[in-house]
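Colleague: Have a peek at model00.cif (mmCIF, C-alpha atoms).
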data_my_file
#
loop_
_atom_site.label_atom_id
_atom_site.label_comp_id
_atom_site.auth_asym_id
_atom_site.auth_seq_id
_atom_site.Cartn_x
_atom_site.Cartn_y
_atom_site.Cartn_z
CA MET A 1 80.02 86.73 133.05
CA SER A 2 80.28 86.99 136.82
CA SER A 3 77.30 88.01 138.94
CA ASN A 4 79.13 91.21 139.87
CA GLU A 5 79.69 92.04 136.22
CA SER A 6 76.14 91.02 135.34
CA SER A 7 74.67 93.29 137.99
CA ASN A 8 76.37 96.22 136.31
CA SER A 9 75.39 95.24 132.74
CA SER A 10 73.22 98.32 132.30
CA ASN A 11 76.10 100.48 133.49
CA ALA A 12 78.35 98.70 131.01
CA ASP A 13 75.91 99.60 128.23
CA ASP A 14 76.09 103.20 129.40
CA ALA A 15 79.88 103.04 129.50
CA ASN A 16 79.98 101.61 126.03
CA ASP A 17 77.75 104.40 124.76
CA ALA A 18 79.93 106.95 126.53
CA ASN A 19 83.01 105.44 124.94
CA ALA A 20 81.44 105.49 121.48
CA ASN A 21 80.65 109.17 121.94
CA GLY A 22 84.03 109.88 123.42
CA THR A 23 85.87 108.38 120.49
CA THR A 24 84.07 110.48 117.93
CA ASN A 25 83.93 113.98 119.39
CA GLY A 26 86.05 116.23 117.25
CA THR A 27 87.39 113.50 115.00
CA THR A 28 85.78 114.80 111.82
CA ASN A 29 87.95 117.89 112.06
CA GLY A 30 90.65 116.15 114.03
CA THR A 31 91.55 119.27 115.99
CA ASN A 32 92.86 119.46 119.55
CA ASP A 33 92.57 123.22 120.04
CA GLY A 34 88.88 123.85 119.42
CA THR A 35 89.38 125.35 115.97
CA THR A 36 87.44 124.21 112.93
CA ALA A 37 90.37 124.02 110.49
CA THR A 38 91.18 120.48 109.39
CA PRO A 39 94.85 119.59 109.94
CA GLY A 40 96.73 117.78 107.22
CA PHE A 41 96.83 114.01 107.09
CA ALA A 42 100.31 113.56 108.58
CA THR A 43 99.38 115.91 111.42
CA ARG A 44 96.27 113.87 112.18
CA THR A 45 98.24 110.61 112.25
CA ILE A 46 100.42 112.02 115.02
CA HIS A 47 98.05 114.15 117.07
CA ALA A 48 94.47 112.83 116.79
CA GLY A 49 93.55 111.18 120.08
CA GLN A 50 97.11 111.58 121.34
CA GLU A 51 96.99 114.32 123.96
CA PHE A 52 99.90 114.16 126.42
CA ASP A 53 99.30 112.68 129.86
CA PRO A 54 98.03 115.58 132.03
CA ARG A 55 99.36 114.11 135.28
CA THR A 56 102.96 113.50 134.28
CA GLY A 57 103.35 115.40 131.03
CA ALA A 58 104.36 112.21 129.20
CA ILE A 59 104.19 113.03 125.48
CA ILE A 60 103.05 109.48 124.68
CA PRO A 61 99.76 108.47 126.34
CA PRO A 62 100.26 105.45 128.61
CA ILE A 63 99.06 101.94 127.89
CA TYR A 64 96.10 101.23 130.14
CA GLN A 65 96.97 97.57 130.61
CA THR A 66 94.04 96.81 132.87
CA SER A 67 90.96 94.63 132.74
CA THR A 68 88.82 96.66 135.11
CA PHE A 69 88.44 100.14 136.66
CA VAL A 70 87.71 101.19 140.25
CA GLN A 71 84.34 102.88 140.72
CA ASP A 72 83.45 105.80 142.97
CA GLY A 73 80.50 103.96 144.48
CA VAL A 74 78.23 101.63 142.53
CA GLY A 75 77.88 103.01 139.02
CA GLY A 76 80.27 105.88 139.69
CA LEU A 77 82.44 105.43 136.63
CA ARG A 78 85.52 107.58 136.09
CA GLY A 79 85.45 108.86 132.53
CA GLY A 80 82.87 106.21 131.59
CA TYR A 81 85.30 103.32 132.09
CA GLU A 82 84.17 100.19 133.89
CA TYR A 83 85.61 97.10 132.20
CA SER A 84 88.04 96.90 129.29
CA ARG A 85 85.70 94.94 127.07
CA SER A 86 83.27 97.86 127.12
CA ALA A 87 85.88 100.59 126.95
CA ASN A 88 89.57 101.22 127.56
CA PRO A 89 91.36 104.58 127.27
CA THR A 90 94.08 103.17 125.01
CA ARG A 91 91.50 101.77 122.62
CA SER A 92 89.51 105.02 122.82
CA SER A 93 92.59 106.94 121.70
CA LEU A 94 93.10 104.62 118.75
CA GLU A 95 89.44 104.85 117.75
CA THR A 96 89.66 108.65 117.73
CA GLN A 97 92.78 108.38 115.59
CA LEU A 98 91.16 105.95 113.14
CA ALA A 99 88.11 108.17 112.66
CA ALA A 100 90.32 111.20 112.03
CA LEU A 101 92.38 109.39 109.39
CA GLU A 102 89.33 108.42 107.34
CA GLY A 103 87.40 111.63 107.94
CA GLY A 104 84.61 109.73 109.70
CA ALA A 105 82.52 110.42 112.78
CA HIS A 106 82.95 107.00 114.38
CA GLY A 107 85.97 104.72 114.62
CA LEU A 108 85.86 101.27 116.21
CA SER A 109 88.84 99.00 116.87
CA PHE A 110 88.77 95.20 116.83
CA ALA A 111 91.01 92.23 117.53
CA SER A 112 91.48 91.50 113.82
CA GLY A 113 90.28 92.62 110.42
CA LEU A 114 87.97 89.63 110.18
CA ALA A 115 86.56 90.39 113.63
CA ALA A 116 85.71 93.87 112.38
CA GLU A 117 84.10 92.44 109.23
CA ASP A 118 82.11 89.86 111.18
CA THR A 119 80.76 92.48 113.57
CA LEU A 120 79.75 94.74 110.69
CA ILE A 121 77.94 91.90 108.92
CA ARG A 122 76.13 90.93 112.15
CA ALA A 123 74.98 94.54 112.54
CA ILE A 124 73.45 94.74 109.05
CA VAL A 125 72.54 91.29 107.78
CA GLN A 126 69.90 88.79 108.88
CA PRO A 127 69.25 85.20 107.70
CA GLY A 128 67.80 85.32 104.21
CA ASP A 129 69.64 88.50 103.29
CA HIS A 130 72.17 88.81 100.50
CA ILE A 131 75.66 90.28 100.01
CA VAL A 132 77.29 91.28 96.71
CA LEU A 133 81.10 91.26 96.62
CA GLY A 134 83.86 91.34 94.06
CA ASN A 135 85.15 88.26 92.28
CA ASP A 136 88.68 89.10 93.44
CA ALA A 137 87.97 89.50 97.14
CA TYR A 138 90.36 88.50 99.90
CA GLY A 139 89.96 84.78 100.58
CA GLY A 140 89.33 85.31 104.29
CA THR A 141 86.49 87.75 103.61
CA TYR A 142 84.85 85.34 101.19
CA ARG A 143 85.27 82.46 103.63
CA LEU A 144 83.62 84.53 106.38
CA ILE A 145 80.69 85.53 104.19
CA ASN A 146 80.22 82.24 102.36
CA ARG A 147 81.04 79.59 104.96
CA VAL A 148 80.33 81.27 108.30
CA HIS A 149 77.41 83.56 107.55
CA GLY A 150 76.31 81.28 104.74
CA LYS A 151 75.48 78.64 107.36
CA GLN A 152 73.16 81.19 108.94
CA GLY A 153 71.19 81.60 105.73
CA VAL A 154 73.03 84.61 104.29
CA GLU A 155 73.52 84.33 100.54
CA ASN A 156 76.14 86.00 98.37
CA THR A 157 76.93 86.76 94.76
CA THR A 158 80.39 87.51 93.40
CA VAL A 159 80.65 89.88 90.48
CA GLU A 160 83.18 91.78 88.40
CA MET A 161 83.11 95.17 90.12
CA SER A 162 84.30 97.04 87.04
CA ASP A 163 81.13 95.96 85.21
CA LEU A 164 78.62 98.38 86.69
CA ASP A 165 75.70 96.81 84.86
CA ALA A 166 76.65 93.42 86.31
CA VAL A 167 76.73 94.95 89.79
CA ARG A 168 73.26 96.42 89.32
CA ALA A 169 71.98 93.08 88.08
CA ALA A 170 73.49 91.23 91.05
CA ILE A 171 71.60 93.35 93.60
CA ILE A 172 68.38 91.68 94.71
CA PRO A 173 65.84 94.37 95.66
CA GLY A 174 64.86 94.09 99.30
CA ARG A 175 67.34 91.29 100.03
CA THR A 176 70.77 92.67 99.20
CA LYS A 177 72.01 94.53 102.27
CA ILE A 178 75.73 95.02 101.57
CA LEU A 179 77.76 95.88 98.50
CA TRP A 180 81.28 94.85 99.52
CA VAL A 181 84.05 96.62 97.60
CA GLU A 182 87.77 95.91 97.86
CA THR A 183 90.01 98.35 96.04
CA PRO A 184 92.78 97.76 95.19
CA SER A 185 91.76 94.13 95.25
CA ASN A 186 93.74 91.25 96.68
CA PRO A 187 95.75 89.95 94.89
CA LEU A 188 95.02 91.06 91.31
CA MET A 189 95.06 94.78 92.11
CA LYS A 190 91.78 95.63 90.38
CA ILE A 191 90.56 99.18 91.00
CA SER A 192 86.85 99.69 91.62
CA ASP A 193 85.09 103.01 91.07
CA ILE A 194 83.96 103.79 94.60
CA ALA A 195 81.82 106.81 93.69
CA ALA A 196 79.96 104.95 90.93
CA LEU A 197 79.42 101.87 93.09
CA ALA A 198 78.21 104.02 95.99
CA GLU A 199 75.64 105.60 93.70
CA ILE A 200 74.43 102.17 92.56
CA GLY A 201 74.28 100.84 96.12
CA HIS A 202 72.46 103.83 97.54
CA ALA A 203 69.90 103.80 94.74
CA ALA A 204 69.05 100.26 95.86
CA GLY A 205 69.10 101.03 99.58
CA VAL A 206 72.28 98.98 100.09
CA THR A 207 75.12 99.71 102.54
CA VAL A 208 78.34 100.24 100.61
CA VAL A 209 81.40 98.88 102.41
CA VAL A 210 84.95 99.51 101.17
CA ASP A 211 87.96 97.52 102.34
CA ASN A 212 90.68 100.18 102.30
CA THR A 213 93.47 97.97 103.64
CA PHE A 214 95.70 97.99 100.56
CA ALA A 215 95.55 101.73 99.91
CA SER A 216 95.29 102.92 103.51
CA PRO A 217 93.76 106.33 104.29
CA ALA A 218 97.07 107.90 103.29
CA LEU A 219 96.22 107.20 99.64
CA GLN A 220 92.43 106.80 99.46
CA ASN A 221 89.40 108.05 101.41
CA PRO A 222 86.30 105.98 100.57
CA LEU A 223 83.90 107.92 102.81
CA ALA A 224 84.64 111.09 100.86
CA LEU A 225 83.81 109.17 97.67
CA GLY A 226 80.41 108.07 98.95
CA ALA A 227 81.07 104.82 100.82
CA ASP A 228 79.10 104.16 104.01
CA VAL A 229 81.66 102.10 105.93
CA VAL A 230 85.42 101.66 105.65
CA VAL A 231 87.03 98.40 106.77
CA HIS A 232 90.69 97.89 107.64
CA SER A 233 92.92 95.10 108.70
CA THR A 234 95.07 97.34 110.90
CA THR A 235 97.51 94.42 111.04
CA LYS A 236 98.72 95.67 107.65
CA TYR A 237 99.72 99.22 106.73
CA LEU A 238 98.19 101.01 109.71
CA GLY A 239 100.21 98.94 112.21
CA GLY A 240 102.96 98.73 109.65
CA HIS A 241 105.54 96.67 111.54
CA SER A 242 104.23 93.07 111.44
CA ASP A 243 103.96 92.97 115.21
CA VAL A 244 100.24 93.33 115.94
CA LEU A 245 96.83 92.00 114.88
CA GLY A 246 93.90 94.33 114.55
CA GLY A 247 90.93 95.56 112.57
CA ALA A 248 88.87 98.70 112.28
CA LEU A 249 85.59 100.13 111.06
CA VAL A 250 85.03 103.83 110.31
CA LEU A 251 81.64 105.31 109.45
CA ASN A 252 79.36 108.30 109.85
CA ASP A 253 75.93 106.73 110.42
CA GLU A 254 74.96 107.20 114.08
CA ASP A 255 72.48 104.31 114.29
CA LEU A 256 74.75 101.78 112.58
CA ALA A 257 77.68 102.90 114.73
CA ALA A 258 75.57 102.37 117.85
CA GLU A 259 74.61 98.84 116.74
CA ILE A 260 78.24 97.97 115.94
CA GLY A 261 79.32 99.44 119.27
CA PHE A 262 76.76 97.31 121.08
CA LEU A 263 77.99 94.16 119.35
CA GLN A 264 81.58 95.13 120.04
CA PHE A 265 80.69 95.25 123.75
CA ALA A 266 78.28 92.31 123.84
CA VAL A 267 80.36 89.87 121.81
CA GLY A 268 83.80 91.14 122.80
CA PRO A 269 85.96 91.13 119.62
CA VAL A 270 87.91 94.15 120.88
CA SER A 271 91.56 95.05 120.48
CA ALA A 272 93.62 94.61 123.64
CA PRO A 273 95.34 97.67 125.14
CA LEU A 274 98.84 96.74 124.00
CA ASP A 275 97.62 95.91 120.50
CA ALA A 276 95.78 99.24 120.32
CA TRP A 277 98.89 101.10 121.49
CA LEU A 278 101.13 99.34 118.94
CA THR A 279 98.66 100.23 116.19
CA THR A 280 98.62 103.87 117.28
CA ARG A 281 102.42 103.93 117.27
CA GLY A 282 102.50 102.50 113.77
CA ILE A 283 99.94 104.99 112.45
CA LYS A 284 102.14 107.93 113.40
CA THR A 285 104.55 107.12 110.56
CA LEU A 286 101.90 106.04 108.04
CA ALA A 287 102.24 109.06 105.76
CA VAL A 288 106.00 108.74 105.29
CA ARG A 289 105.88 104.94 105.07
CA MET A 290 103.23 104.94 102.36
CA ARG A 291 105.27 107.37 100.26
CA GLN A 292 108.26 105.02 100.38
CA HIS A 293 106.17 101.88 99.86
CA SER A 294 104.67 103.49 96.76
CA GLU A 295 107.98 104.73 95.40
CA ASN A 296 109.63 101.33 95.83
CA ALA A 297 106.69 99.41 94.38
CA GLN A 298 106.55 101.67 91.32
CA ALA A 299 110.23 101.08 90.59
CA ILE A 300 109.88 97.32 91.07
CA ALA A 301 106.74 97.15 88.92
CA GLU A 302 108.53 98.96 86.10
CA TYR A 303 111.51 96.62 86.40
CA LEU A 304 109.37 93.47 86.44
CA GLU A 305 107.26 94.61 83.50
CA GLN A 306 110.39 94.45 81.33
CA HIS A 307 111.66 91.09 82.63
CA PRO A 308 111.43 88.21 80.12
CA ALA A 309 110.20 85.73 82.76
CA ILE A 310 107.18 87.87 83.64
CA GLU A 311 103.93 87.54 81.70
CA ARG A 312 102.10 90.37 83.43
CA VAL A 313 102.50 92.82 86.28
CA PHE A 314 99.41 93.79 88.28
CA TYR A 315 100.11 97.29 89.64
CA PRO A 316 97.82 100.32 89.20
CA GLY A 317 100.77 102.68 88.95
CA LEU A 318 101.68 101.27 85.54
CA PRO A 319 100.11 102.95 82.47
CA SER A 320 99.50 99.41 81.17
CA HIS A 321 97.15 98.64 84.06
CA PRO A 322 93.55 98.72 82.74
CA ASP A 323 92.42 100.82 85.72
CA HIS A 324 95.40 103.20 85.76
CA GLU A 325 93.39 106.34 84.97
CA LEU A 326 90.73 105.49 87.56
CA ALA A 327 93.45 104.87 90.15
CA LYS A 328 94.98 108.27 89.35
CA ARG A 329 91.63 109.96 89.98
CA GLN A 330 90.68 108.00 93.07
CA MET A 331 94.01 107.60 94.85
CA SER A 332 96.85 109.97 95.73
CA GLY A 333 99.42 107.17 95.28
CA PHE A 334 99.47 103.57 94.14
CA GLY A 335 100.68 101.74 97.26
CA GLY A 336 103.15 99.01 98.04
CA MET A 337 101.28 95.93 96.78
CA LEU A 338 101.76 94.29 93.40
CA SER A 339 101.40 90.87 91.85
CA VAL A 340 103.04 89.19 88.88
CA ALA A 341 102.14 86.29 86.62
CA LEU A 342 105.05 84.04 85.61
CA LYS A 343 105.25 82.95 81.97
CA ALA A 344 106.45 79.45 82.89
CA GLY A 345 103.46 78.74 85.13
CA ARG A 346 102.93 77.21 88.56
CA GLU A 347 106.31 75.60 89.09
CA ALA A 348 108.13 78.78 88.14
CA ALA A 349 105.96 80.77 90.56
CA LEU A 350 106.74 78.35 93.38
CA GLN A 351 110.44 78.40 92.57
CA PHE A 352 110.42 82.20 92.50
CA VAL A 353 108.81 82.67 95.92
CA GLU A 354 111.22 80.16 97.46
CA SER A 355 114.34 81.78 95.98
CA THR A 356 114.28 85.35 97.30
CA GLU A 357 116.27 86.46 100.34
CA LEU A 358 115.24 90.02 101.23
CA PHE A 359 111.66 89.24 100.27
CA SER A 360 110.63 86.84 103.05
CA LEU A 361 108.20 84.05 102.16
CA ALA A 362 105.26 84.77 104.46
CA GLU A 363 101.59 85.63 104.56
CA SER A 364 100.34 89.12 105.47
CA LEU A 365 101.47 92.43 104.03
CA GLY A 366 101.98 96.09 104.74
CA GLY A 367 104.99 95.86 107.05
CA VAL A 368 108.23 97.80 106.69
CA GLU A 369 109.92 94.61 105.47
CA SER A 370 109.27 93.09 102.05
CA LEU A 371 107.26 89.87 101.80
CA ILE A 372 106.53 87.48 98.95
CA GLY A 373 103.74 84.91 98.76
CA TYR A 374 101.98 82.38 96.58
CA PRO A 375 98.29 83.29 96.94
CA SER A 376 96.85 80.09 95.47
CA GLU A 377 98.25 78.04 98.36
CA MET A 378 98.64 80.70 101.02
CA THR A 379 96.37 83.72 101.46
CA HIS A 380 93.69 82.51 99.02
CA ALA A 381 93.74 78.75 99.55
CA SER A 382 90.18 78.97 100.90
CA VAL A 383 88.84 80.02 97.47
CA LYS A 384 90.51 77.36 95.35
CA GLY A 385 88.00 75.78 93.02
CA THR A 386 85.66 78.80 93.15
CA ALA A 387 85.16 81.80 90.89
CA LEU A 388 87.57 83.66 93.16
CA ALA A 389 90.46 81.22 92.66
CA VAL A 390 93.80 82.92 92.00
CA PRO A 391 95.71 81.79 88.89
CA GLU A 392 98.46 79.35 89.83
CA ASN A 393 101.18 81.38 88.10
CA VAL A 394 100.53 84.49 90.23
CA VAL A 395 102.93 85.69 92.93
CA ARG A 396 102.12 88.55 95.31
CA LEU A 397 104.68 91.05 96.59
CA SER A 398 104.34 93.33 99.59
CA VAL A 399 107.09 95.84 98.86
CA GLY A 400 108.74 97.20 101.97
CA ILE A 401 110.72 100.36 102.60
CA GLU A 402 114.22 98.92 102.21
CA ASP A 403 116.64 100.37 99.65
CA VAL A 404 114.93 99.67 96.35
CA ALA A 405 118.16 98.77 94.58
CA ASP A 406 118.63 95.91 97.05
CA LEU A 407 115.07 94.72 96.51
CA ILE A 408 115.42 94.73 92.74
CA ALA A 409 118.72 92.86 92.99
CA ASP A 410 117.03 90.23 95.17
CA LEU A 411 114.20 89.74 92.68
CA ASP A 412 116.62 89.69 89.75
CA ALA A 413 118.72 86.97 91.37
CA ALA A 414 115.64 84.87 92.15
CA LEU A 415 114.27 85.20 88.61
CA ALA A 416 117.67 84.26 87.18
CA LYS A 417 117.35 80.88 88.88
CA LEU A 418 114.15 79.99 87.04
CA ASP A 419 114.08 77.44 84.28
CA ALA A 420 113.67 78.93 80.83
CA PRO A 421 110.03 79.92 80.18
CA ALA A 422 107.96 77.76 77.91
CA VAL A 423 107.83 78.96 74.30
#
Would you encode the structure as structure tokens?
Modeller:
Amino acid sequence: MSSNESSNSSNADDANDANANGTTNGTTNGTNDGTTATPGFATRTIHAGQEFDPRTGAIIPPIYQTSTFVQDGVGGLRGGYEYSRSANPTRSSLETQLAALEGGAHGLSFASGLAAEDTLIRAIVQPGDHIVLGNDAYGGTYRLINRVHGKQGVENTTVEMSDLDAVRAAIIPGRTKILWVETPSNPLMKISDIAALAEIGHAAGVTVVVDNTFASPALQNPLALGADVVVHSTTKYLGGHSDVLGGALVLNDEDLAAEIGFLQFAVGPVSAPLDAWLTTRGIKTLAVRMRQHSENAQAIAEYLEQHPAIERVFYPGLPSHPDHELAKRQMSGFGGMLSVALKAGREAALQFVESTELFSLAESLGGVESLIGYPSEMTHASVKGTALAVPENVVRLSVGIEDVADLIADLDAALAKLDAPAV
């Protein structure tokens, strides 16, 4: 930090506070006209935080691609903006949008999903504290909690989230600070009962965090079900086009939001202006994209469930899914993610992921294009040999919005190349 920047550190704190307030005003209702009526979800995706440029009339707010802002005298900040690490108008717009989507008071945007998670953990947990998380958590989340914060003396317990008694038993009174819920889970598509888990967590004085990346706020609203904080990798469905990295936190608690906002400013894991703008652009089509993702995934899941090479399909939209009824109650759609277990095992799974054409072999998910991956060696390699290890015959599909007949034909052709399954 330069001496000039350091001399204005108190002003930067003020600017950061101003930005935090600025990104939350009106976002619970998401209105732009002063009324109290709550617009529909698709309306909020397009209009929340997206007022046209008053100087030129440009319908799309500009990208404020700047590192610093001119002051009207020392400490005379225009709109509370001083330095883009503390606040930037493009990021402020996105944060307003994020809060409106989840029905929260505070939205905060980060450089990646893991940056958002790390900042949240720093704000809540101290050495000696404890975190409870699901036994099917994203490998990167577990790596962050176990290997990064674990070195700082933070302990964790993984548990089957559908077993509410096991969750209660895993909470250590006075030490457990976070109950980390991921639903649907990655990659086995388990559905956790957010309302029931929130009740358990709150009874123990624990902050209940829900990773809503797979469902997106188009299909599921954890805050309305009792969660305290919602986490997103905005790289996925919110951005939606595989062209940006980002993360987000949405919450209502004023004090926790202030602590996270301070860390966001002090540590600097913020989204850059162009990344924030790309995320905002992607969000505007979230409602229509999620409808098509869900429709395509449902059709593919039904096709794969009948295929002789497939042992099991993990998709909550199928009546055969053990959490199907819970998913119907908790979600307004079942999303674009599914996984399958191959009857013939590991080699068949590897052959399958390397034989598709429209489904590109790649990590990540949630883009308009379809992706296929082998979690054991790709997204979840960091949890091999642990209780979170993914079975070696499991393949994960991120179903895009292409013509579903073409996607099914691609999968059918790839499965036809497999060796005959073992009897």
Colleague: To one decimal place in Å, what is the distance between atom CA of A:Met331 and atom CA of A:Asn296?
Modeller: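 So the answer is 16.9 Å.
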Colleague: In file coordinates, which residues lie within 9 Å of (96.8, 106.2, 101.2) using all atoms listed in the file, given as a PyMOL selection string?
Modeller: chain A and resi 212+214-221+286-287+290-291+331-335
Colleague: Quick check, in Å to one decimal: how far apart do atom CA of A:Lys343 and atom CA of A:Thr213 lie?
Modeller: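 Going from atom CA of A:Lys343 over to atom CA of A:Thr213, I get 28.9 Å.
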Colleague: If I take atom CA of A:Ala48 and atom CA of A:Thr96, how far is one from the other in Å, to one decimal?
Modeller: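 Separation between atom CA of A:Ala48 and atom CA of A:Thr96: 6.4 Å.
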Colleague: Would you list the residues near (72.2, 81.9, 109.4) (no more than 10 Å away, in the coordinates of the file, using only C-alpha atoms) as an mmCIF file with C-alpha atoms, keeping the file's coordinate frame?
Modeller:
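Just written: out33.cif:
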data_model
loop_
_atom_site.group_PDB
_atom_site.id
_atom_site.type_symbol
_atom_site.label_atom_id
_atom_site.label_comp_id
_atom_site.auth_asym_id
_atom_site.auth_seq_id
_atom_site.Cartn_x
_atom_site.Cartn_y
_atom_site.Cartn_z
ATOM 1 C CA VAL A 125 72.540 91.290 107.780
ATOM 2 C CA GLN A 126 69.900 88.790 108.880
ATOM 3 C CA PRO A 127 69.250 85.200 107.700
ATOM 4 C CA GLY A 128 67.800 85.320 104.210
ATOM 5 C CA ASP A 129 69.640 88.500 103.290
ATOM 6 C CA VAL A 148 80.330 81.270 108.300
ATOM 7 C CA HIS A 149 77.410 83.560 107.550
ATOM 8 C CA GLY A 150 76.310 81.280 104.740
ATOM 9 C CA LYS A 151 75.480 78.640 107.360
ATOM 10 C CA GLN A 152 73.160 81.190 108.940
ATOM 11 C CA GLY A 153 71.190 81.600 105.730
ATOM 12 C CA VAL A 154 73.030 84.610 104.290
ATOM 13 C CA GLU A 155 73.520 84.330 100.540
#
Colleague: Translate the PyMOL selection byres ((chain A and resi 90) around 6), as applied to the file shown, into an explicit residue set as a list in words.
Modeller: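 This file, filtered by the PyMOL selection byres ((chain A and resi 90) around 6), leaves Ile63, Tyr64, Asn88, Pro89, Arg91, Ser92, Ser93 and Pro273 of chain A.
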Colleague: Starting from the PyMOL selection byres ((chain A and resi 370) around 12), expand the selection into actual residues of this file and give them as a PyMOL selection string.
Modeller: chain A and resi 240-242+293+296-297+300+336-338+356-369+371-373+396-404+406-408+410-411
Colleague: Please write as a PyMOL selection string the full residue list that the PyMOL selection byres ((chain A and resi 234) around 9) yields on this file.
Modeller: chain A and resi 109-110+112-113+213+232-233+235-240+244-248+279
